[in-house]
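Text of structure08.cif (mmCIF, C-alpha atoms) as supplied:
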```cif
data_entry
loop_
_atom_site.label_atom_id
_atom_site.label_comp_id
_atom_site.auth_asym_id
_atom_site.auth_seq_id
_atom_site.Cartn_x
_atom_site.Cartn_y
_atom_site.Cartn_z
CA MET A 1 0.00 0.00 0.00
CA ARG A 2 1.31 3.46 -0.80
CA ASP A 3 2.07 5.52 2.29
CA GLU A 4 -0.84 7.90 1.80
CA ARG A 5 -3.26 8.93 4.51
CA TYR A 6 -5.63 11.74 5.29
CA GLU A 7 -6.95 13.33 8.43
CA ILE A 8 -10.69 13.18 9.05
CA VAL A 9 -12.06 15.64 11.59
CA PRO A 10 -15.44 15.25 13.32
CA ILE A 11 -17.92 18.00 12.43
CA GLY A 12 -20.26 16.88 15.22
CA TRP A 13 -21.38 14.02 17.45
CA VAL A 14 -24.42 11.80 17.91
CA GLU A 15 -26.47 12.18 21.10
CA SER A 16 -28.57 9.06 21.54
CA ALA A 17 -30.12 6.83 24.17
CA LEU A 18 -28.21 3.97 22.48
CA VAL A 19 -24.93 3.38 24.27
CA ASP A 20 -23.99 -0.26 23.65
CA PRO A 21 -23.10 -1.19 20.06
CA LEU A 22 -24.01 -4.82 20.78
CA LEU A 23 -27.56 -3.80 21.69
CA ALA A 24 -28.01 -1.26 18.88
CA PRO A 25 -30.06 -2.20 15.79
CA LYS A 26 -27.93 -3.25 12.82
CA GLN A 27 -29.64 -0.80 10.49
CA GLY A 28 -31.77 2.29 11.02
CA PRO A 29 -35.06 0.82 9.78
CA GLU A 30 -34.76 -2.05 12.28
CA GLY A 31 -36.25 -0.04 15.12
CA ALA A 32 -33.51 2.55 15.61
CA PRO A 33 -34.55 5.56 17.69
CA GLU A 34 -34.54 9.31 17.21
CA ALA A 35 -31.28 11.05 18.03
CA TRP A 36 -29.75 14.51 18.12
CA LEU A 37 -26.87 15.45 15.86
CA THR A 38 -24.88 18.18 17.59
CA PHE A 39 -22.43 20.12 15.44
CA ALA A 40 -19.23 21.98 16.20
CA PRO A 41 -19.84 25.75 16.00
CA ALA A 42 -17.13 26.05 13.33
CA VAL A 43 -19.35 24.24 10.78
CA TRP A 44 -22.72 25.84 11.63
CA PRO A 45 -22.65 28.03 8.48
CA GLY A 46 -22.75 24.81 6.42
CA LEU A 47 -26.05 23.72 8.00
CA GLY A 48 -28.06 26.76 6.96
CA ASP A 49 -30.33 25.23 4.34
CA LEU A 50 -31.37 22.04 6.13
CA GLU A 51 -35.05 21.89 7.09
CA PRO A 52 -37.46 19.59 8.91
CA GLY A 53 -38.73 16.94 6.50
CA ASP A 54 -35.49 16.76 4.51
CA GLU A 55 -33.92 13.34 4.03
CA VAL A 56 -30.16 13.34 4.47
CA LEU A 57 -27.30 10.89 4.54
CA VAL A 58 -25.29 11.05 7.74
CA LEU A 59 -21.72 9.80 7.47
CA THR A 60 -20.19 8.77 10.77
CA TRP A 61 -16.84 7.48 11.97
CA LEU A 62 -17.62 4.29 13.90
CA HIS A 63 -14.93 4.91 16.48
CA LEU A 64 -15.58 1.67 18.42
CA ALA A 65 -15.11 -0.59 15.38
CA ARG A 66 -12.11 -2.77 14.56
CA ARG A 67 -10.01 -1.69 11.57
CA ASP A 68 -8.00 -4.90 11.16
CA VAL A 69 -10.92 -7.09 10.06
CA LEU A 70 -11.47 -8.04 6.39
CA ALA A 71 -14.02 -10.87 6.76
CA VAL A 72 -17.01 -11.15 9.08
CA HIS A 73 -19.97 -13.34 9.87
CA PRO A 74 -22.85 -11.19 8.57
CA ARG A 75 -25.06 -9.80 11.34
CA ASP A 76 -22.75 -11.34 13.97
CA ASP A 77 -24.32 -14.72 13.27
CA ALA A 78 -21.50 -17.22 13.85
CA ARG A 79 -23.39 -19.82 11.74
CA ALA A 80 -23.33 -17.58 8.67
CA PRO A 81 -20.34 -18.09 6.33
CA LEU A 82 -17.58 -15.51 6.51
CA ARG A 83 -17.94 -12.74 3.95
CA GLY A 84 -15.54 -10.05 2.75
CA VAL A 85 -16.32 -6.86 4.68
CA PHE A 86 -16.85 -4.85 1.50
CA SER A 87 -19.95 -6.89 0.66
CA THR A 88 -21.38 -6.28 4.16
CA ARG A 89 -22.41 -3.26 6.21
CA SER A 90 -20.29 -4.42 9.17
CA ALA A 91 -18.93 -1.57 11.30
CA ASP A 92 -15.60 -3.42 11.37
CA ARG A 93 -13.64 -2.45 8.22
CA PRO A 94 -10.39 -0.65 7.34
CA ASN A 95 -12.02 2.79 7.41
CA PRO A 96 -15.02 2.43 9.74
CA LEU A 97 -17.36 4.86 8.00
CA GLY A 98 -21.06 4.56 8.80
CA LEU A 99 -23.74 5.60 6.31
CA HIS A 100 -27.21 6.38 7.65
CA ARG A 101 -30.25 7.64 5.77
CA VAL A 102 -32.40 9.70 8.14
CA ARG A 103 -35.19 12.27 8.09
CA ILE A 104 -34.76 15.62 9.83
CA LEU A 105 -37.49 16.11 12.44
CA ALA A 106 -36.38 19.41 13.93
CA VAL A 107 -33.66 22.02 13.55
CA ALA A 108 -32.20 23.98 16.47
CA ASP A 109 -29.05 26.08 16.85
CA GLY A 110 -26.31 23.78 15.61
CA ARG A 111 -28.42 20.68 16.22
CA LEU A 112 -30.63 18.42 14.14
CA ARG A 113 -33.19 15.94 15.49
CA VAL A 114 -33.26 12.91 13.17
CA ARG A 115 -34.79 9.44 12.83
CA PRO A 116 -33.95 6.58 12.61
CA LEU A 117 -30.31 6.38 13.68
CA GLU A 118 -28.60 3.20 14.88
CA ALA A 119 -25.26 4.88 15.79
CA VAL A 120 -24.46 4.97 19.52
CA ASP A 121 -24.09 8.02 21.72
CA GLY A 122 -20.83 9.87 21.12
CA THR A 123 -20.28 8.61 17.57
CA PRO A 124 -18.40 11.26 15.54
CA ILE A 125 -20.21 12.71 12.52
CA VAL A 126 -17.94 13.41 9.54
CA ASP A 127 -20.31 14.56 6.78
CA LEU A 128 -23.93 15.23 5.84
CA LYS A 129 -25.26 14.99 2.28
CA PRO A 130 -28.69 15.47 0.75
CA VAL A 131 -30.38 12.38 -0.68
CA ILE A 132 -30.27 12.63 -4.48
CA GLY A 133 -32.05 10.05 -6.60
CA GLU A 134 -31.18 6.56 -5.48
CA ALA A 135 -28.40 7.45 -3.06
CA MET B 1 -14.28 21.94 18.26
CA ARG B 2 -12.84 19.17 20.41
CA ASP B 3 -9.34 18.19 19.37
CA GLU B 4 -10.35 14.83 17.94
CA ARG B 5 -9.26 13.48 14.60
CA TYR B 6 -8.88 10.15 12.85
CA GLU B 7 -6.64 8.77 10.16
CA ILE B 8 -8.29 7.58 6.96
CA VAL B 9 -6.18 5.31 4.76
CA PRO B 10 -6.89 4.66 1.07
CA ILE B 11 -7.83 1.06 0.31
CA GLY B 12 -7.47 1.68 -3.42
CA TRP B 13 -7.54 4.25 -6.22
CA VAL B 14 -9.71 5.15 -9.20
CA GLU B 15 -8.31 4.62 -12.70
CA SER B 16 -10.33 6.70 -15.12
CA ALA B 17 -10.10 8.61 -18.38
CA LEU B 18 -11.42 11.61 -16.41
CA VAL B 19 -8.54 13.75 -15.24
CA ASP B 20 -9.90 17.28 -14.83
CA PRO B 21 -12.45 17.79 -12.03
CA LEU B 22 -13.81 20.85 -13.84
CA LEU B 23 -14.69 18.73 -16.86
CA ALA B 24 -16.03 15.73 -14.92
CA PRO B 25 -19.81 15.20 -14.64
CA LYS B 26 -21.24 16.42 -11.33
CA GLN B 27 -22.97 13.11 -10.65
CA GLY B 28 -22.54 9.59 -12.01
CA PRO B 29 -25.83 9.40 -13.92
CA GLU B 30 -24.92 12.59 -15.85
CA GLY B 31 -22.83 10.73 -18.41
CA ALA B 32 -19.99 9.54 -16.20
CA PRO B 33 -17.83 6.82 -17.74
CA GLU B 34 -16.70 3.36 -16.73
CA ALA B 35 -13.65 3.19 -14.50
CA TRP B 36 -11.41 0.69 -12.79
CA LEU B 37 -11.15 0.54 -9.02
CA THR B 38 -7.71 -0.83 -8.14
CA PHE B 39 -7.23 -2.04 -4.58
CA ALA B 40 -4.21 -2.32 -2.34
CA PRO B 41 -3.21 -6.00 -1.97
CA ALA B 42 -3.61 -5.71 1.82
CA VAL B 43 -7.41 -5.42 1.47
CA TRP B 44 -7.99 -8.01 -1.28
CA PRO B 45 -9.44 -10.55 1.20
CA GLY B 46 -12.27 -8.08 1.85
CA LEU B 47 -13.32 -8.07 -1.82
CA GLY B 48 -14.01 -11.81 -2.07
CA ASP B 49 -17.79 -11.78 -2.36
CA LEU B 50 -18.26 -8.96 -4.88
CA GLU B 51 -19.61 -10.09 -8.26
CA PRO B 52 -20.47 -8.62 -11.65
CA GLY B 53 -23.97 -7.17 -11.54
CA ASP B 54 -23.75 -6.11 -7.88
CA GLU B 55 -24.59 -2.52 -7.05
CA VAL B 56 -22.22 -0.97 -4.54
CA LEU B 57 -21.56 2.37 -2.92
CA VAL B 58 -18.02 3.60 -3.45
CA LEU B 59 -16.77 6.07 -0.85
CA THR B 60 -13.89 8.19 -2.02
CA TRP B 61 -11.66 10.90 -0.54
CA LEU B 62 -11.90 13.84 -2.97
CA HIS B 63 -8.28 14.81 -2.51
CA LEU B 64 -8.45 17.83 -4.85
CA ALA B 65 -11.32 19.48 -2.96
CA ARG B 66 -11.14 22.47 -0.60
CA ARG B 67 -11.82 21.75 3.06
CA ASP B 68 -12.29 25.35 4.21
CA VAL B 69 -15.53 25.98 2.34
CA LEU B 70 -18.93 25.94 4.11
CA ALA B 71 -21.15 27.57 1.45
CA VAL B 72 -21.16 27.09 -2.31
CA HIS B 73 -23.05 28.06 -5.42
CA PRO B 74 -24.74 24.75 -6.33
CA ARG B 75 -23.33 23.16 -9.49
CA ASP B 76 -20.73 25.95 -9.74
CA ASP B 77 -23.43 28.24 -11.11
CA ALA B 78 -22.44 31.71 -9.86
CA ARG B 79 -26.02 32.93 -10.38
CA ALA B 80 -27.41 30.34 -7.95
CA PRO B 81 -27.72 31.55 -4.34
CA LEU B 82 -25.06 30.32 -1.91
CA ARG B 83 -26.09 27.21 0.00
CA GLY B 84 -24.63 25.49 3.05
CA VAL B 85 -22.38 22.67 1.82
CA PHE B 86 -24.26 20.05 3.84
CA SER B 87 -27.35 20.53 1.71
CA THR B 88 -25.30 20.08 -1.48
CA ARG B 89 -23.16 17.35 -3.03
CA SER B 90 -20.26 19.76 -3.55
CA ALA B 91 -16.82 18.13 -3.37
CA ASP B 92 -15.68 21.10 -1.28
CA ARG B 93 -16.58 20.40 2.38
CA PRO B 94 -14.77 19.87 5.69
CA ASN B 95 -14.26 16.14 5.07
CA PRO B 96 -14.30 15.73 1.28
CA LEU B 97 -15.93 12.31 1.11
CA GLY B 98 -17.46 11.29 -2.19
CA LEU B 99 -20.37 8.84 -2.40
CA HIS B 100 -20.95 7.05 -5.69
CA ARG B 101 -23.53 4.38 -6.52
CA VAL B 102 -22.14 2.13 -9.24
CA ARG B 103 -22.69 -1.28 -10.80
CA ILE B 104 -19.86 -3.81 -10.98
CA LEU B 105 -19.20 -4.82 -14.60
CA ALA B 106 -16.21 -7.09 -14.12
CA VAL B 107 -14.00 -8.47 -11.36
CA ALA B 108 -10.27 -9.11 -11.78
CA ASP B 109 -7.46 -9.70 -9.28
CA GLY B 110 -7.78 -6.81 -6.90
CA ARG B 111 -9.69 -4.73 -9.44
CA LEU B 112 -13.32 -3.92 -10.16
CA ARG B 113 -14.66 -2.43 -13.39
CA VAL B 114 -17.62 -0.16 -12.52
CA ARG B 115 -20.05 2.31 -14.07
CA PRO B 116 -20.87 5.20 -13.83
CA LEU B 117 -18.16 6.99 -11.86
CA GLU B 118 -17.57 10.74 -11.95
CA ALA B 119 -14.43 10.67 -9.75
CA VAL B 120 -11.20 11.60 -11.53
CA ASP B 121 -8.16 9.42 -12.11
CA GLY B 122 -6.13 8.90 -8.94
CA THR B 123 -8.95 9.59 -6.49
CA PRO B 124 -8.40 7.54 -3.31
CA ILE B 125 -11.07 4.96 -2.44
CA VAL B 126 -11.77 4.66 1.30
CA ASP B 127 -14.67 2.19 1.53
CA LEU B 128 -17.08 0.01 -0.44
CA LYS B 129 -20.53 -0.98 0.81
CA PRO B 130 -23.35 -3.02 -0.67
CA VAL B 131 -26.53 -1.16 -1.58
CA ILE B 132 -29.21 -2.07 0.99
CA GLY B 133 -32.76 -0.84 0.54
CA GLU B 134 -32.82 2.87 -0.16
CA ALA B 135 -29.15 3.61 0.51
#
```
Is it possible to give me this structure as structure tokens?
Amino acid sequence: MRDERYEIVPIGWVESALVDPLLAPKQGPEGAPEAWLTFAPAVWPGLGDLEPGDEVLVLTWLHLARRDVLAVHPRDDARAPLRGVFSTRSADRPNPLGLHRVRILAVADGRLRVRPLEAVDGTPIVDLKPVIGEA
Amino acid sequence: MRDERYEIVPIGWVESALVDPLLAPKQGPEGAPEAWLTFAPAVWPGLGDLEPGDEVLVLTWLHLARRDVLAVHPRDDARAPLRGVFSTRSADRPNPLGLHRVRILAVADGRLRVRPLEAVDGTPIVDLKPVIGEA
């Protein structure tokens, strides 16, 4: 591998009643709760056009995940055959980026209330993007 | 902002006939070409279950983008009102992550042929995820 790396800086953090990754739903639509996204004041000007009702993609850095794993049992089911991580949504992967499609419920100063979000409390947020077409 | 940052490491790179970001399509479906994704040998075991026909999300690090921009004219149209970057798909943003939905056309040793991809030649790839449901 070339010696090339980049620095990713949290723009905010998840505030959620979910604290244990083992107890969190695997995917948002599987019963994940509402959560607050709280943003660093430095990026507030970037939030200006987000409104309740908008669907957005939240990109997180799954800071509790393992980065040295390249094959997993899907959905932590030990009976399932091992699969390459890039054909799964496992949190464990070389760059543990999470991708979550949510709807904005409310907008406050530097905060967004969203649903559903399966990321645990304290998870760093690294980007937000509008939903366009199929992704 | 808390002093918290993470290191993101390319798992591969885009090989494309597109070289100039100003001439590249804004989004894949807007006429973007086929491209090769070439992966570092260290992550090849993670690619094992990807097959031609699969739809995947490619996450890239848009290394040519500006990270100090929080508002942009959408689609580089100077007549369009400035918008917060988080309600646009601008490459310029604090963490310049690209998100591209593509179909796998062919699989070779450590390489995937995909379409459509608007990222330019040499763009680092940081993750691959299967398409699940709406995202």
Open item on the list: Taking all atoms listed in the file into account, find every residue of chain A that has an atom no more than 9 Å from chain B, and write it out as a ChimeraX atom specification.
Closed with: /A:1-12,39-50,56-57,59,61,63,69-71,83-89,93-97,99-101,126-132,134-135
Tell me which protein, DNA and RNA residues are within 8 Å of Leu112 in chain B, counting only C-alpha atoms, leaving out same-chain ones fewer than 5 positions away, and put them as a PyMOL selection string.
chain B and resi 36-38+104-107
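Between CA of Glu118 in chain A and CA of Pro52 in chain A there is a distance of 19.6 Å.
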Q) On this structure, which residues satisfy the PyMOL selection byres ((chain A and resi 31-35) around 6), written as number ranges by chain? A) A: 15-16, 25, 28-30, 36, 113-118
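Put simply, CA of Arg67 in chain A is 17.2 Å away from CA of Thr60 in chain B.
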As a check of understanding: the span from CA of Gly122 in chain A to CA of Ala24 in chain A is 13.4 Å
Kindly list the centre and edge lengths in Å, rounded to one decimal, for the axis-aligned box that covers all listed atoms of range 86-90 of chain B plus 6 Å on each of its six sides, as AutoDock Vina command-line options.
```
--center_x -23.8 --center_y 18.9 --center_z 0.1 --size_x 19.1 --size_y 15.2 --size_z 19.4
```
